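Notes to accompany the following structure.
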Amino acid sequence: MKMFCFVILLLFLKDVTAQSTNDKLKEAKDYLTVNPAHSLTILQAIPNINALSVKQQIQWHIITMRASVPTDNPDMLIDPLEAIFYHYQHPYFIEHINTITRALGIWLHKNNPLIEVQKSLECS
């Protein structure tokens with residue numbers, strides 16, 4: 001009986017944590033237009049990104065990329081880009097490929113020859 005209660009408690013805590021993470025991701029996304037620096041602060045408060053679901057990880061990286069441009073932090077693009085491309089077959093990745101390739105184009109613009117930038121932006 002104790003084991004059963006413990007398992008139920010763990011499942012409940014996992015649901016609460018997932019909901020809390022979803023709320024934080026939504027809040028960070030909402031702040032992108034009014035205060036992208038605050039979006040980054042919210043994202044940094046989410047512990048252990050690798051423990052999130054794949055969809056949440058992709059969301060976290062997309063929001064980070066989107067916030068890095070208006071905060072003039074283009075160097076913050078490369079790590080999320082590298083991490084996000086591991087999930088290139090995930091439906092959420094495919095759904096947001098436009099945003100991802102646009103971020104790649106911005107990073108390439110800052111770091112690589114123009115021809116690669118043009119190809120990336122054409123893809124997006």
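Every chain in the structure tokens has a letter given in the order shown (A, B, ...), and although residue numbers restart at 1 in each chain, ligands are simply numbered from 1 in the order shown.
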Selection: 10 Å around segment 44-61 of chain A, only C-alpha atoms, excl. self and same-chain fewer than 3 positions, as a PyMOL selection string: chain A and resi 17-18+20-22+24-26+28-29+38-41+64-67+77+79-88+90-93+96+100
Please provide as a PDB file with N, CA, C and O atoms, in the first residue's frame all residues within 8 Å of Thr99 of chain A, with the sequence filter that same-chain residues fewer than 3 positions apart are discarded (counting only C-alpha atoms).
```
ATOM      1  N   ILE A  62      13.796  27.158 -29.152  1.00  0.00           N
ATOM      2  CA  ILE A  62      13.207  28.129 -30.084  1.00  0.00           C
ATOM      3  C   ILE A  62      13.006  29.473 -29.396  1.00  0.00           C
ATOM      4  O   ILE A  62      13.338  30.525 -29.960  1.00  0.00           O
ATOM      5  N   HIS A  96       7.980  24.051 -36.774  1.00  0.00           N
ATOM      6  CA  HIS A  96       8.650  25.337 -36.546  1.00  0.00           C
ATOM      7  C   HIS A  96       9.942  25.480 -37.349  1.00  0.00           C
ATOM      8  O   HIS A  96      10.818  26.265 -36.981  1.00  0.00           O
ATOM      9  N   ARG A 102      15.415  30.390 -39.969  1.00  0.00           N
ATOM     10  CA  ARG A 102      15.646  31.832 -39.904  1.00  0.00           C
ATOM     11  C   ARG A 102      16.734  32.137 -38.874  1.00  0.00           C
ATOM     12  O   ARG A 102      17.631  32.949 -39.123  1.00  0.00           O
ATOM     13  N   ALA A 103      16.681  31.468 -37.734  1.00  0.00           N
ATOM     14  CA  ALA A 103      17.725  31.649 -36.715  1.00  0.00           C
ATOM     15  C   ALA A 103      19.078  31.191 -37.248  1.00  0.00           C
ATOM     16  O   ALA A 103      20.099  31.844 -37.017  1.00  0.00           O
ATOM     17  N   SER A 124      14.220  28.884 -45.401  1.00  0.00           N
ATOM     18  CA  SER A 124      13.215  29.254 -44.394  1.00  0.00           C
ATOM     19  C   SER A 124      12.018  29.884 -45.058  1.00  0.00           C
ATOM     20  O   SER A 124      10.930  29.840 -44.575  1.00  0.00           O
TER      21      SER A 124
END
```
A:Pro70, A:Asn111, A:Thr101, A:Ile63 ranked by distance to Val34 of chain A, top pick (using only C-alpha atoms):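 Of A:Pro70, A:Asn111, A:Thr101, A:Ile63, the one nearest Val34 of chain A, counting only C-alpha atoms, is A:Pro70.
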In segment 52-97 of chain A, DSSP alpha helix (DSSP H) residues written as a list of chain:residue names: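 Matching residues, listed in order: A:Val54, A:Lys55, A:Gln56, A:Gln57, A:Ile58, A:Gln59, A:Trp60, A:His61, A:Ile62, A:Ile63, A:Thr64, A:Met65, A:Arg66, A:Ala67, A:Ser68, A:Ile78, A:Asp79, A:Pro80, A:Leu81, A:Glu82, A:Ala83, A:Ile84, A:Pro91, A:Tyr92, A:Phe93, A:Ile94, A:Glu95, A:Ile97.
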Atom pair atom CA of Asp72 of chain A / atom CA of Gln118 of chain A: separation (Å):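 Separation of atom CA of Asp72 of chain A and atom CA of Gln118 of chain A: 20.9 Å.
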